[in-house]
Amino acid sequence: MTSPQIRHRVDPRAERAARTILTGQRPRLLRQPVATATVNERRRDPRAIRDAALVQRQPRPRYDWARDAASAGTTAAVGVAVANAPVIPLQVIAEPAYLVLAMLDRPGGEVSEHDRQVIAAARLLADAGGGAVVTVATGSGEALAEAGSDRHVALPDGWADDYVPERRAAAAAALMASLSPRHILFPDSPDGGDLARRVAAAAGERLFAGVQSLGPDRATRQSAGGSLETGHRPTRLMTVAADAFAPLDGVRHEARPLDLATPVVAGEEVLPRLGCARRLAVDPDALSLSETDFILSAGNGVTDWQSFAELGEALGATRAGSRVVCDAGHLPRERQVGASGTVVSARCYLAFGIAGAPQHLQGITGVKHVIAINTDLHAEMIKRADLSIVADAQEIMPALIRLIRERRHD
Amino acid sequence: MTDAAMGNVAVLLSIGRHPVSGRSRRAATDAQALEMALALRPRRLTAIHAGPAADAEALRAYLGMGLERLTLLVLPEGADPVEALITHLRHLAPSLVLTGRQAEDGESSGMLPYLIARGLDAAIVPDVVRIGPADTPDATYGKADLVQALPRGQRRALTVTGRLIATVHPSAPPARASAFGPARRGVIEPVAAQAAADLFLSDCEHRPWRPKPKLMRVKRGGSALDRLKAATESKSGKGQLLINPTAEAGALAIYDNLVEQGILP
């Protein structure tokens with residue numbers, strides 16, 4: 001049986017005559033237009049694919065073969081292609097069946113990993129029956145949208161820095177009374193766990209502390225010094241253990257401000273028994289490397305140990321070193337960073353004269369921000385660092401000490 | 001040192017459990033709480049344990065730290081000790097109650113100090129590493145200065161008014177060793193107490209804890225190439241690179257970067 005499609009007869013001579021331009025010294029042929037309607041879909045057009053993959057024409061052509069065909073139409077632009085981020089659909093829970101409260105720590109104003117895990121645990125409870133997750137923290141909720149928060153209650157900004165746990169507990173109790181959530185989750189961190197226990201004691205409810213796994217009808221925790229697993233139905237008040245739940249990835253929720261009948265100032269009238277809270281200065285060299293926040297590290301490129309010590313004092317950083325330095329006896333063994341020393345998780349790591357052996361880089365995988373100073377441009381440490389300076393450590397260290405003292409006296 | 005503020009101290013002691021062998025022992029932070037109380041040299045120091053009378057032998061390790069007597073509130077197995085402790089402490093009226101952060105056996109929810117603070121209408125401060133009467137010039141009766149341990153080795157000073165319940169952090173001064181002779185000579189005084197059974201705990205189901213696999217951060221979405229990169233490559237900074245700057249320019253770049261990160265003021 002023949003197909004109903006009528007096959008057009010091609011007249012190559014006529015087509016060629018139509019494309020010929022006779023002006024000029026000799027006849028020229030126009031480039032053949034690609035007639036998209038007549039092209040067979042199953043037929044591969046290598047020229048079109050090549051054009052679609054072209055991301056840069058000048059100074060030399062560059063092709064990106066990994067791009068998907070959908071974005072191929074916009075490739076004509078010369079220059080660096082903009083990576084097309086896949087749009088995550090916004091999930092809206094307009095009429096929640098119930099609420100799950102997540103009381104976050106938000107230390108220093110940023111959403112911590114533990115806070116994200118608490119929201120992920122709250123989502124498990126909320127998604128089981130069409131509920132909504134309400135986050136409660138200082139600051140705005142925008143940063144929490146991608147962590148999975150549907151509604152946000154902002155605590156007063158002034159509460160972020162001072163330590164008045166009674167006030168937070170009173171605010172949490174007021175929210176508990178006004179919103180009547182089905183569950184309230186806290187991080188099992190020092191501050192979050194303290195708050196949870198205050199709220200539980202005030203409400204006279206049972207706290208299920210340090211939840212390790214969670215489902216709509218069963219929660220488990222460790223008890224008896226970690227030797228038993230205790231299971232129960234999810235109670236109203238729970239704290240979530242660290243690193244028990246994976247934070248959500250690739251979701252977007254509303255995190256819109258929840259309109260409350262009364263603003264959250266319930267804690268203001270509480271007369272706090274705790275007062276005069278202030279941070280004490282801690283000797284950075286007395287801290288162990290695994291718990292310090294800021295490390296000044298030396299490698300084989302450091303010879304001026306006097307400046308190194310002065311710099312550590314000026315910066316208020318904990319001093320550490322690579323294996324070579326500790327082997328040579330310039331620093332004690334417990335100050336060694338790396339696979340055979342301490343695996344550190346500091347917020348900032350300032351490395352002088354460290355080339356970056358694999359064992360050393362292994363020790364700093366948990367570090368957020370790395371600054372490296374090394375004479376070798378091709379050192380691994382220079383590649384790893386967020387700020388790399390190719391220079392001699394012996395010149396930079398005194399200059400940095402001078403700069404810090406100058407700024408301090410201003 | 002004014003004795004009035006710290007005249008009457010009570011220490012709540014629990015029975016610990018060795019993490020490997022599971023044998024009864026003195027609980028680590030409770031022993032540190034007792035050490036802190038002994039170091040305060042109060043006029044009256046009461047050590048209290050609430051639980052079944054059968055566990056009394058493990059309490060002798062506390063007596064070996066220099067206690068002469070220890071009160072044992074005798075409760076039936078599986079009873080909730082909170083009410084009995086509150087009743088007993090109301091009778092004693094201590095100005096300071098010290099205890100560990102979390103029990104090493106039983107429910108170990110860490111709720112007991114909070115419930116007792118609620119029952120005694122006292123302030124509660126967790127994770128204390130140092131305690132002493134307020135040394136400010138206007139120090140009045142019942143004010144105490146505390147130092148609290150925070151994550152990452154940081155410390156916070158606090159002043160507390162009125163009756164205080166403090167839980168002790170593991171980084172507090174270590175407990176002294178327990179001596180055998182005083183442990184044998186010390187007296188455990190049993191006191192009969194009323195307690196109701198803990199219905200919540202009997203409602204829970206218990207099974208041996210099995211270690212769970214470590215949670216790994218798996219990146220979802222993106223192309224296969226992206227996921228492979230995320231799984232295999234370590235984080236490499238896409239940062240600034242300065243090649244052979246002058247010493248001053250390099251130092252300034254580091255300084256500005258540290259200020260930006262909030263490390264330096």
# chains A, B, ... in the order shown; residues from 1 in each chain; ligands from 1
>>> select_by_dssp(residues="range 160-234 of chain B", states="alpha helix (DSSP H)", output="MDAnalysis selection string")
chainID B and resid 180:185 199:203 224:232
>>> residues_around(residues="Gly215 in chain A", least_positions_apart="3", cutoff="12 Å", atoms="only C-alpha atoms", output="list of chain:residue names")
A:Ala120, A:Ala121, A:Ala122, A:Arg123, A:Leu124, A:Leu125, A:Ala126, A:Asp127, A:Ala128, A:Gly129, A:Val211, A:Gln212, A:Arg218, A:Ala219, A:Thr220, A:Gly231, A:His232, A:Arg233, A:Pro234, A:Thr235, A:Phe245
>>> interface_residues(of="chain B", to="chain A", cutoff="7 Å", atoms="only C-alpha atoms", output="PyMOL selection string")
chain B and resi 19+104-109+111+114-115+118+123+152-161+204-209+215+217+236-245+247-248+250-251
>>> residues_around(residues="Ile48 in chain B", least_positions_apart="2", cutoff="8 Å", atoms="only C-alpha atoms", output="PDB file with all heavy atoms, in the first residue's frame")
ATOM      1  N   ALA B  10      22.882  21.141  95.756  1.00  0.00           N
ATOM      2  CA  ALA B  10      22.463  19.750  95.572  1.00  0.00           C
ATOM      3  C   ALA B  10      23.024  19.253  94.245  1.00  0.00           C
ATOM      4  O   ALA B  10      23.108  20.018  93.280  1.00  0.00           O
ATOM      5  CB  ALA B  10      20.949  19.659  95.567  1.00  0.00           C
ATOM      6  N   VAL B  11      23.443  18.006  94.190  1.00  0.00           N
ATOM      7  CA  VAL B  11      23.934  17.397  92.953  1.00  0.00           C
ATOM      8  C   VAL B  11      23.060  16.189  92.650  1.00  0.00           C
ATOM      9  O   VAL B  11      22.827  15.364  93.534  1.00  0.00           O
ATOM     10  CB  VAL B  11      25.405  16.954  93.082  1.00  0.00           C
ATOM     11  CG1 VAL B  11      25.946  16.566  91.728  1.00  0.00           C
ATOM     12  CG2 VAL B  11      26.243  18.049  93.685  1.00  0.00           C
ATOM     13  N   LEU B  12      22.564  16.121  91.435  1.00  0.00           N
ATOM     14  CA  LEU B  12      21.756  14.979  91.035  1.00  0.00           C
ATOM     15  C   LEU B  12      22.650  14.013  90.271  1.00  0.00           C
ATOM     16  O   LEU B  12      23.272  14.386  89.285  1.00  0.00           O
ATOM     17  CB  LEU B  12      20.602  15.425  90.135  1.00  0.00           C
ATOM     18  CG  LEU B  12      19.725  16.541  90.693  1.00  0.00           C
ATOM     19  CD1 LEU B  12      18.584  16.831  89.738  1.00  0.00           C
ATOM     20  CD2 LEU B  12      19.173  16.156  92.052  1.00  0.00           C
ATOM     21  N   LEU B  13      22.739  12.802  90.757  1.00  0.00           N
ATOM     22  CA  LEU B  13      23.653  11.822  90.178  1.00  0.00           C
ATOM     23  C   LEU B  13      22.862  10.668  89.571  1.00  0.00           C
ATOM     24  O   LEU B  13      21.882  10.206  90.149  1.00  0.00           O
ATOM     25  CB  LEU B  13      24.593  11.288  91.264  1.00  0.00           C
ATOM     26  CG  LEU B  13      25.388  12.356  92.010  1.00  0.00           C
ATOM     27  CD1 LEU B  13      26.125  11.737  93.178  1.00  0.00           C
ATOM     28  CD2 LEU B  13      26.360  13.051  91.090  1.00  0.00           C
ATOM     29  N   THR B  46      24.409  18.185  99.120  1.00  0.00           N
ATOM     30  CA  THR B  46      23.569  16.988  99.128  1.00  0.00           C
ATOM     31  C   THR B  46      23.661  16.316  97.776  1.00  0.00           C
ATOM     32  O   THR B  46      23.434  16.961  96.750  1.00  0.00           O
ATOM     33  CB  THR B  46      22.099  17.369  99.393  1.00  0.00           C
ATOM     34  OG1 THR B  46      22.064  18.436 100.321  1.00  0.00           O
ATOM     35  CG2 THR B  46      21.327  16.188  99.898  1.00  0.00           C
ATOM     36  N   ALA B  50      17.928   9.012  92.321  1.00  0.00           N
ATOM     37  CA  ALA B  50      16.588   8.433  92.389  1.00  0.00           C
ATOM     38  C   ALA B  50      16.562   7.211  91.489  1.00  0.00           C
ATOM     39  O   ALA B  50      16.906   7.319  90.309  1.00  0.00           O
ATOM     40  CB  ALA B  50      15.543   9.455  91.965  1.00  0.00           C
ATOM     41  N   LEU B  70      25.171   9.897 100.684  1.00  0.00           N
ATOM     42  CA  LEU B  70      24.460  10.083  99.428  1.00  0.00           C
ATOM     43  C   LEU B  70      23.018   9.644  99.650  1.00  0.00           C
ATOM     44  O   LEU B  70      22.777   8.584 100.241  1.00  0.00           O
ATOM     45  CB  LEU B  70      25.137   9.229  98.365  1.00  0.00           C
ATOM     46  CG  LEU B  70      24.812   9.386  96.897  1.00  0.00           C
ATOM     47  CD1 LEU B  70      26.027   8.998  96.084  1.00  0.00           C
ATOM     48  CD2 LEU B  70      23.634   8.537  96.487  1.00  0.00           C
ATOM     49  N   THR B  71      22.061  10.454  99.239  1.00  0.00           N
ATOM     50  CA  THR B  71      20.649  10.114  99.437  1.00  0.00           C
ATOM     51  C   THR B  71      20.154   9.317  98.246  1.00  0.00           C
ATOM     52  O   THR B  71      20.350   9.724  97.102  1.00  0.00           O
ATOM     53  CB  THR B  71      19.814  11.405  99.565  1.00  0.00           C
ATOM     54  OG1 THR B  71      20.423  12.234 100.544  1.00  0.00           O
ATOM     55  CG2 THR B  71      18.398  11.092  99.945  1.00  0.00           C
ATOM     56  N   LEU B  72      19.531   8.205  98.527  1.00  0.00           N
ATOM     57  CA  LEU B  72      18.964   7.378  97.457  1.00  0.00           C
ATOM     58  C   LEU B  72      17.447   7.371  97.616  1.00  0.00           C
ATOM     59  O   LEU B  72      16.920   6.855  98.606  1.00  0.00           O
ATOM     60  CB  LEU B  72      19.532   5.963  97.555  1.00  0.00           C
ATOM     61  CG  LEU B  72      18.879   4.904  96.672  1.00  0.00           C
ATOM     62  CD1 LEU B  72      19.102   5.230  95.208  1.00  0.00           C
ATOM     63  CD2 LEU B  72      19.431   3.531  96.981  1.00  0.00           C
ATOM     64  N   LEU B  73      16.757   7.998  96.657  1.00  0.00           N
ATOM     65  CA  LEU B  73      15.288   7.959  96.662  1.00  0.00           C
ATOM     66  C   LEU B  73      14.885   6.645  96.013  1.00  0.00           C
ATOM     67  O   LEU B  73      15.115   6.447  94.824  1.00  0.00           O
ATOM     68  CB  LEU B  73      14.708   9.138  95.879  1.00  0.00           C
ATOM     69  CG  LEU B  73      15.094  10.536  96.354  1.00  0.00           C
ATOM     70  CD1 LEU B  73      14.450  11.584  95.480  1.00  0.00           C
ATOM     71  CD2 LEU B  73      14.678  10.743  97.797  1.00  0.00           C
TER      72      LEU B  73
END
>>> atom_distance(atom1="CA of Gln359 in chain A", atom2="CA of Arg323 in chain A")
9.3 Å
>>> residues_around(residues="Ala122 in chain B", least_positions_apart="2", cutoff="9 Å", atoms="only C-alpha atoms", output="PyMOL selection string")
(chain A and resi 273) or (chain B and resi 116-120+124+162-165)
>>> write_last_selection(atoms="N, CA, C and O atoms", output="mmCIF file, in the first residue's frame")
data_model
loop_
_atom_site.group_PDB
_atom_site.id
_atom_site.type_symbol
_atom_site.label_atom_id
_atom_site.label_comp_id
_atom_site.auth_asym_id
_atom_site.auth_seq_id
_atom_site.Cartn_x
_atom_site.Cartn_y
_atom_site.Cartn_z
ATOM 1 N N ARG A 273 15.761 35.583 83.705
ATOM 2 C CA ARG A 273 16.596 35.330 84.878
ATOM 3 C C ARG A 273 18.067 35.335 84.482
ATOM 4 O O ARG A 273 18.928 35.526 85.294
ATOM 5 N N ILE B 116 12.704 19.738 86.457
ATOM 6 C CA ILE B 116 12.939 20.095 87.856
ATOM 7 C C ILE B 116 12.980 21.613 88.016
ATOM 8 O O ILE B 116 12.432 22.162 88.964
ATOM 9 N N ALA B 117 13.596 22.291 87.029
ATOM 10 C CA ALA B 117 13.613 23.756 87.075
ATOM 11 C C ALA B 117 12.190 24.293 87.035
ATOM 12 O O ALA B 117 11.846 25.261 87.724
ATOM 13 N N ARG B 118 11.341 23.647 86.255
ATOM 14 C CA ARG B 118 9.943 24.051 86.175
ATOM 15 C C ARG B 118 9.262 23.832 87.532
ATOM 16 O O ARG B 118 8.536 24.689 88.012
ATOM 17 N N GLY B 119 9.549 22.671 88.134
ATOM 18 C CA GLY B 119 8.906 22.346 89.398
ATOM 19 C C GLY B 119 9.374 23.231 90.539
ATOM 20 O O GLY B 119 8.588 23.574 91.423
ATOM 21 N N LEU B 120 10.632 23.639 90.508
ATOM 22 C CA LEU B 120 11.180 24.464 91.593
ATOM 23 C C LEU B 120 11.093 25.951 91.268
ATOM 24 O O LEU B 120 11.526 26.772 92.069
ATOM 25 N N ILE B 124 17.302 27.775 84.512
ATOM 26 C CA ILE B 124 18.103 26.642 84.056
ATOM 27 C C ILE B 124 19.127 27.135 83.049
ATOM 28 O O ILE B 124 18.805 27.918 82.166
ATOM 29 N N GLY B 162 18.769 34.423 91.308
ATOM 30 C CA GLY B 162 17.857 33.490 91.967
ATOM 31 C C GLY B 162 18.345 32.058 91.940
ATOM 32 O O GLY B 162 19.503 31.774 91.648
ATOM 33 N N ARG B 163 17.429 31.168 92.235
ATOM 34 C CA ARG B 163 17.762 29.745 92.292
ATOM 35 C C ARG B 163 18.155 29.252 90.898
ATOM 36 O O ARG B 163 17.596 29.693 89.902
ATOM 37 N N LEU B 164 19.126 28.362 90.869
ATOM 38 C CA LEU B 164 19.715 28.000 89.578
ATOM 39 C C LEU B 164 19.858 26.491 89.458
ATOM 40 O O LEU B 164 20.264 25.821 90.403
ATOM 41 N N ILE B 165 19.516 25.984 88.298
ATOM 42 C CA ILE B 165 19.811 24.593 87.962
ATOM 43 C C ILE B 165 20.764 24.613 86.782
ATOM 44 O O ILE B 165 20.479 25.255 85.764
#
>>> select_by_dssp(residues="range 156-335 of chain A", states="strand (DSSP E)", output="number ranges by chain")
A: 183-187, 207-214, 219-223, 228-232, 237-240, 252-253, 256-257, 274-280, 294-298, 318-321
>>> write_last_selection(atoms="C-alpha atoms", output="compact mmCIF listing (two decimals), in the first residue's frame")
# COMPACT_ATOMS: atom_id res chain seq x y z
CA HIS A 183 4.21 18.80 65.16
CA ILE A 184 6.99 21.15 66.20
CA LEU A 185 10.54 20.24 65.21
CA PHE A 186 13.75 21.71 66.60
CA PRO A 187 17.36 21.04 65.66
CA LEU A 207 9.81 15.65 74.01
CA PHE A 208 11.04 13.02 71.60
CA ALA A 209 14.67 14.11 71.52
CA GLY A 210 17.22 13.42 68.81
CA VAL A 211 15.01 11.82 66.15
CA GLN A 212 17.04 9.58 63.85
CA SER A 213 14.35 8.39 61.45
CA LEU A 214 10.90 9.71 60.82
CA ALA A 219 9.74 8.07 64.76
CA THR A 220 12.87 6.54 66.24
CA ARG A 221 15.62 7.86 68.43
CA GLN A 222 18.69 6.59 70.23
CA SER A 223 18.35 5.94 73.94
CA LEU A 228 18.89 1.13 72.07
CA GLU A 229 16.58 2.34 69.35
CA THR A 230 13.32 3.64 70.75
CA GLY A 231 10.34 3.91 68.44
CA HIS A 232 7.03 5.66 68.93
CA LEU A 237 7.49 18.06 70.15
CA MET A 238 10.59 16.53 68.61
CA THR A 239 14.20 17.47 68.09
CA VAL A 240 16.03 16.27 64.99
CA ARG A 252 11.16 25.29 45.59
CA HIS A 253 8.42 26.25 47.99
CA ARG A 256 5.77 33.39 52.19
CA PRO A 257 5.25 35.29 55.42
CA LEU A 274 19.69 35.04 82.71
CA GLY A 275 21.46 38.27 81.91
CA CYS A 276 24.70 40.01 80.99
CA ALA A 277 25.46 37.38 78.35
CA ARG A 278 28.70 38.14 76.57
CA ARG A 279 31.20 36.15 74.54
CA LEU A 280 34.53 35.55 76.22
CA PHE A 294 40.01 30.05 61.63
CA ILE A 295 43.33 28.33 60.93
CA LEU A 296 46.63 29.88 59.91
CA SER A 297 48.70 27.12 58.38
CA ALA A 298 52.34 26.90 57.37
CA THR A 318 44.84 28.90 65.46
CA ARG A 319 48.26 27.94 64.15
CA ALA A 320 48.71 24.72 62.26
CA GLY A 321 51.08 23.19 59.74
>>> residues_around(residues="Asp127 in chain B", least_positions_apart="6", cutoff="6 Å", atoms="only C-alpha atoms", output="list in words")
Gln148, Ala149, Thr167, Val168 and His169 of chain B
>>> decode(residues="range 120-141 of chain A", atoms="N, CA, C and O atoms", output="short mmCIF file (atom, residue, chain, number, x, y, z; two decimals), in the first residue's frame")
data_model
loop_
_atom_site.label_atom_id
_atom_site.label_comp_id
_atom_site.auth_asym_id
_atom_site.auth_seq_id
_atom_site.Cartn_x
_atom_site.Cartn_y
_atom_site.Cartn_z
N ALA A 120 13.81 19.39 56.10
CA ALA A 120 13.59 18.15 55.34
C ALA A 120 12.77 17.17 56.17
O ALA A 120 11.85 16.50 55.64
N ALA A 121 13.06 17.07 57.46
CA ALA A 121 12.29 16.18 58.33
C ALA A 121 10.86 16.66 58.47
O ALA A 121 9.91 15.86 58.47
N ALA A 122 10.69 17.98 58.56
CA ALA A 122 9.34 18.54 58.67
C ALA A 122 8.54 18.27 57.39
O ALA A 122 7.34 18.02 57.44
N ARG A 123 9.23 18.29 56.26
CA ARG A 123 8.56 18.00 54.98
C ARG A 123 8.03 16.57 54.95
O ARG A 123 6.97 16.30 54.41
N LEU A 124 8.80 15.64 55.54
CA LEU A 124 8.35 14.24 55.59
C LEU A 124 6.99 14.14 56.28
O LEU A 124 6.11 13.41 55.83
N LEU A 125 6.86 14.89 57.38
CA LEU A 125 5.61 14.85 58.13
C LEU A 125 4.50 15.60 57.40
O LEU A 125 3.34 15.19 57.40
N ALA A 126 4.87 16.72 56.75
CA ALA A 126 3.86 17.56 56.11
C ALA A 126 3.34 16.91 54.83
O ALA A 126 2.14 16.93 54.56
N ASP A 127 4.23 16.31 54.04
CA ASP A 127 3.83 15.77 52.75
C ASP A 127 2.96 14.52 52.89
O ASP A 127 2.28 14.13 51.94
N ALA A 128 3.02 13.90 54.06
CA ALA A 128 2.24 12.67 54.24
C ALA A 128 0.74 12.94 54.23
O ALA A 128 -0.04 12.05 53.88
N GLY A 129 0.33 14.15 54.60
CA GLY A 129 -1.12 14.40 54.65
C GLY A 129 -1.53 15.77 54.16
O GLY A 129 -2.54 16.31 54.59
N GLY A 130 -0.72 16.36 53.28
CA GLY A 130 -1.09 17.67 52.73
C GLY A 130 -0.92 18.81 53.71
O GLY A 130 -1.66 19.79 53.66
N GLY A 131 0.03 18.69 54.60
CA GLY A 131 0.28 19.77 55.54
C GLY A 131 1.29 20.74 54.99
O GLY A 131 1.86 20.54 53.92
N ALA A 132 1.52 21.83 55.73
CA ALA A 132 2.48 22.83 55.30
C ALA A 132 3.55 23.00 56.37
O ALA A 132 3.27 22.84 57.56
N VAL A 133 4.76 23.29 55.92
CA VAL A 133 5.88 23.51 56.84
C VAL A 133 5.98 25.01 57.14
O VAL A 133 6.04 25.82 56.22
N VAL A 134 5.95 25.35 58.40
CA VAL A 134 6.11 26.75 58.82
C VAL A 134 7.46 26.86 59.50
O VAL A 134 7.71 26.21 60.50
N THR A 135 8.35 27.66 58.93
CA THR A 135 9.65 27.86 59.58
C THR A 135 9.56 29.09 60.47
O THR A 135 8.90 30.07 60.13
N VAL A 136 10.23 29.02 61.60
CA VAL A 136 10.28 30.13 62.54
C VAL A 136 11.75 30.44 62.80
O VAL A 136 12.49 29.59 63.27
N ALA A 137 12.17 31.65 62.43
CA ALA A 137 13.56 32.04 62.62
C ALA A 137 13.65 33.54 62.52
O ALA A 137 12.71 34.20 62.09
N THR A 138 14.79 34.07 62.93
CA THR A 138 15.04 35.48 62.70
C THR A 138 15.39 35.66 61.23
O THR A 138 15.84 34.73 60.58
N GLY A 139 15.17 36.86 60.72
CA GLY A 139 15.50 37.12 59.32
C GLY A 139 14.35 36.73 58.41
O GLY A 139 13.35 36.16 58.83
N SER A 140 14.53 37.03 57.11
CA SER A 140 13.44 36.79 56.16
C SER A 140 13.48 35.35 55.68
O SER A 140 14.45 34.63 55.87
N GLY A 141 12.39 34.94 55.04
CA GLY A 141 12.24 33.55 54.66
C GLY A 141 12.73 33.21 53.27
O GLY A 141 12.65 32.06 52.86
#
